[in-house]
Amino acid sequence: MDKFKSRLLLSITYYFLWVVYFLFARFLFLAYYYEKTSELSFLTTLKTFVYGIKLDLSFAAYLAAIPFLIILFSIWIPKKIICYLLKGYTFPIILIVNLFMLTDIALYKFWGVRIDVTVLNYINTPKAMLASVSTLQLVSGIITWLLLSIATIYLFNKALNKAFSKVVNGHFVEAPVFLILIGSLIIPIRGGFANIPINQSNVYFSTNMFANHSAVNFIWNFANTISHKTDSKNPYIHYKADIAQNTINKTKNQLLTANTDSILNTRKPNVILIIWESLSAKAVGVLGGESDVTSNLNRFAKEGILFSNFYGNGDRTDKGIPAILSGYYPQPTNSIMKIPYKARKLPMLTKEMKKLGYNTSFYYGGDSNFGNMITYLRNGQIDKIIDGTEFDKENWNSKWGAHDHIFLDRFIKDLSNPDLKEPFFEIALTLTSHEPYEFPGEYKFGKNSVENLYRSAQAYTDKAIGKFIDEAKKQPWWSNTLVIILSDHGHPLPKHKGYFNSPIRFQIPMVWLGGALNKTGITIDNFSAQSDLAYTLTDMLGGNPKQFQFGKNIFNASENQYAHYVFNKGFGTISKNGTFVFDYVSNKPVIKEGNYHPLDSLGRAISQNAYQDFLDK
């Protein structure tokens, strides 16, 4: 009987070592995000552990299944061999799980969700994936990972050695009992005896989404999204297909067209599209943000047209580019730009501009292979693509590519070529204002915090764009040119209060200026988004806007104009009349403001149709 008890004690010890580890991981997460944690009451913070332990117990059971089987064989196999087998399994797992834990903590401040399958979208380009991290952050992260792993392995080793000390060979009659014990792990794995297995929504207990996210076990969440990754089933079905389409049509049909005759003073202007990396409306003074970050953009807004209620459809560049150039909604956990066989079926603004007689170019100072961007761009039949390979490495920052002032100097130099053919459609994607915010010269707001690094980087890019525009004004083509400046996506910084994925995070600037504008110094307060740009431009220039099926005309002044954005676990739909933000984990709305009822059904219908279109491509 003592032999059985020793083996049972070893099994229980092993299982609860992992449970304690996950409790510590939650404590570490809450401690790292102390500012957000301090907004929670003590009771709410405690509940993150009480509710979260359900997923801790579940994943600990997954991890314990093989060790329980190894311990079973200790009935016949010498203890020393069993000890080697158990530790040989456990210690590498600790290294892996610790890596995921630290990655999860680092990514949460940018993504606003616990680590999931999305991270695998970047695994085939590790160099680019690490480009958001400074060398100091990378080195300190590796050291932290190693030290944390050494400490974890030491504590596991000490506890297991103590439990192993009493284990001796047993009798075969113990085997059936241990087989039952192994089988019983299905109970915590499923989260009890309910018909439906445990999922993230089982640990959502609060109206505060940070509290809910804190309760989620990071590695369980990752494994769960891996197991549910599918390209064949639409998880966002709310209505029958015809009802969903009708719900969209009854709002959208009145918004597709607008009288844009008064916007331009020429029928075929040159168009320059500057896509500004990571600039949030929160950092733009003319949009009610911080007044002294983007002084040049503030100036340009008064010289042209400012769009005061403009939104990014997604939260990353690989989602923003297809939204801008294809009028295509992002996918919550996928990126169509990374899936070439789907991306090649998208309509492309560059293709349509070529049909309209434009010469097309795309400029980017970094690695155009990142996220399959170059494959996507080639589908757009762009005449000339300039990327980081065109710039000397001495002009690169340590991660992403050529500094924006170098990149934009090259851009204006090419546009100053006397052999330049008009009309032209030129696209420039900046990069220096992306993490880790490395650039030469003055850090206007210093380097003492990540927020000030962000502000300084945006001010640097603002200066580079300001110089570009001032030089462009001297060119003979300026009087016949429309310049559009917009961001590729919003950003968590500068920090905002309230729900992480509230509309303020997705609001971005868009300014039109140039000699081709018929009216200047005006503000358009219609609600619109990146996905509306391709539709609007082709509609204004006499092209075929209908191919951009999710777009509508930005200049339509209807009260029902809306913007729809997508994040990893939900969507937001916003108009002049209200706001509706929905979380798919808890399957509940997290923001309901104003007359949100029409936006509720509209947002669900768009999410359903957009994802179904993605699946069907």
# chains A, B, ... in the order shown; residues from 1 in each chain; ligands from 1
>>> residues_around(residues="stretch 140-153 of chain A", least_positions_apart="2", cutoff="9 Å", atoms="only C-alpha atoms", output="list in words")
Tyr21, Thr90, Phe91, Ile94, Leu95, Asn98, Leu99, Leu102, Thr135, Leu136, Gln137, Leu138, Leu155, Phe156, Asn157 and Lys158 of chain A
>>> select_by_dssp(residues="stretch 13-185 of chain A", states="helix (DSSP H, G or I)", output="number ranges by chain")
A: 13-32, 34-37, 42-75, 79-111, 117-122, 126-132, 135-164, 174-183
>>> residues_around(residues="stretch 308-322 of chain A", least_positions_apart="3", cutoff="6 Å", atoms="only C-alpha atoms", output="list in words")
Leu325, Ser326, Tyr328, Pro330, Asp488, His489, Phe506, Gln507, Ile508, Asp525, Phe527, Ser528, Ala529, Gln530, Tyr565 and Val566 of chain A
>>> atom_distance(atom1="atom CA of A:Leu431", atom2="atom CA of A:Phe407")
9.4 Å
>>> closest_residue(among="A:Ser214, A:Thr430, A:Thr48, A:Ser479", to="A:Gln458", atoms="only C-alpha atoms")
A:Thr430
>>> select_by_dssp(residues="stretch 161-369 of chain A", states="strand (DSSP E)", output="list in words")
Asn270, Val271, Ile272, Leu273, Ile274, Ile275, Trp276, Ile305, Leu306, Phe307, Phe310, Tyr311, Asn359, Thr360, Ser361, Phe362, Tyr363 and Tyr364 of chain A
>>> write_last_selection(atoms="N, CA and C atoms", output="compact mmCIF listing (two decimals), in the first residue's frame")
# COMPACT_ATOMS: atom_id res chain seq x y z
N ASN A 270 -2.50 63.45 -60.61
CA ASN A 270 -1.53 62.52 -60.04
C ASN A 270 -1.97 62.24 -58.60
N VAL A 271 -1.68 61.04 -58.13
CA VAL A 271 -2.05 60.68 -56.76
C VAL A 271 -0.82 60.12 -56.04
N ILE A 272 -0.50 60.71 -54.90
CA ILE A 272 0.56 60.20 -54.02
C ILE A 272 -0.10 59.74 -52.73
N LEU A 273 0.11 58.49 -52.40
CA LEU A 273 -0.47 57.90 -51.20
C LEU A 273 0.65 57.61 -50.21
N ILE A 274 0.68 58.32 -49.10
CA ILE A 274 1.68 58.10 -48.06
C ILE A 274 1.03 57.37 -46.90
N ILE A 275 1.49 56.16 -46.66
CA ILE A 275 0.95 55.33 -45.59
C ILE A 275 1.92 55.41 -44.41
N TRP A 276 1.47 55.98 -43.33
CA TRP A 276 2.31 56.33 -42.18
C TRP A 276 2.22 55.23 -41.13
N ILE A 305 -7.79 68.83 -46.76
CA ILE A 305 -9.02 68.28 -46.20
C ILE A 305 -8.65 67.32 -45.08
N LEU A 306 -9.21 67.55 -43.92
CA LEU A 306 -9.01 66.67 -42.77
C LEU A 306 -10.24 65.79 -42.59
N PHE A 307 -10.01 64.50 -42.43
CA PHE A 307 -11.10 63.54 -42.17
C PHE A 307 -11.06 63.21 -40.68
N PHE A 310 -12.05 59.04 -39.17
CA PHE A 310 -11.50 58.02 -40.07
C PHE A 310 -10.84 56.93 -39.23
N TYR A 311 -11.02 55.65 -39.67
CA TYR A 311 -10.58 54.52 -38.84
C TYR A 311 -9.78 53.49 -39.64
N ASN A 359 0.68 55.52 -64.31
CA ASN A 359 1.91 54.79 -64.03
C ASN A 359 1.99 54.57 -62.52
N THR A 360 2.33 53.37 -62.09
CA THR A 360 2.22 53.02 -60.68
C THR A 360 3.57 52.63 -60.09
N SER A 361 3.78 53.01 -58.83
CA SER A 361 5.00 52.66 -58.11
C SER A 361 4.66 52.43 -56.64
N PHE A 362 5.48 51.61 -56.01
CA PHE A 362 5.34 51.35 -54.57
C PHE A 362 6.72 51.46 -53.94
N TYR A 363 6.84 52.29 -52.91
CA TYR A 363 8.12 52.52 -52.22
C TYR A 363 8.01 52.06 -50.76
N TYR A 364 9.01 51.31 -50.34
CA TYR A 364 9.08 50.85 -48.95
C TYR A 364 10.55 50.66 -48.60
>>> residues_around(residues="A:Ile243", least_positions_apart="3", cutoff="12 Å", atoms="only C-alpha atoms", output="short mmCIF file (atom, residue, chain, number, x, y, z; two decimals) with C-alpha atoms, in the first residue's frame")
data_model
loop_
_atom_site.label_atom_id
_atom_site.label_comp_id
_atom_site.auth_asym_id
_atom_site.auth_seq_id
_atom_site.Cartn_x
_atom_site.Cartn_y
_atom_site.Cartn_z
CA ILE A 237 -22.41 32.99 -38.42
CA HIS A 238 -25.25 35.05 -36.95
CA TYR A 239 -27.90 35.05 -39.68
CA LYS A 240 -28.95 33.25 -42.79
CA ASN A 246 -29.91 42.47 -46.69
CA THR A 247 -28.89 43.89 -43.31
CA ILE A 248 -25.77 45.34 -44.92
CA ASN A 249 -27.51 46.47 -48.11
CA LYS A 250 -30.25 48.46 -46.44
CA SER A 601 -26.94 43.73 -36.42
CA LEU A 602 -24.84 45.56 -39.03
CA ARG A 604 -22.49 41.01 -36.98
CA ALA A 605 -23.64 40.85 -40.61
CA ILE A 606 -20.41 42.43 -41.89
CA GLN A 608 -20.18 37.08 -41.11
CA ASN A 609 -20.06 38.12 -44.76
#
>>> closest_atom_pairs(of="stretch 342-394 of chain A", to="stretch 532-546 of chain A", cutoff="8 Å", atoms="only C-alpha atoms", output="CSV")
residue,atom,partner,partner_atom,distance
A:Leu349,CA,A:Ala534,CA,5.9
A:Glu352,CA,A:Gly543,CA,6.9
A:Met353,CA,A:Thr538,CA,7.7
A:Leu356,CA,A:Gly543,CA,6.8
>>> residues_around(residues="stretch 113-115 of chain A", least_positions_apart="5", cutoff="7 Å", atoms="only C-alpha atoms", output="list in words")
Asp104, Tyr108, His213, Phe218, Asn221 and Phe222 of chain A
>>> residues_around(residues="stretch 342-346 of chain A", least_positions_apart="2", cutoff="7 Å", atoms="only C-alpha atoms", output="count of residues only")
9
>>> closest_residue(among="A:Lys338, A:Lys474, A:Lys569, A:His597", to="A:Gly514", atoms="only C-alpha atoms")
A:Lys474
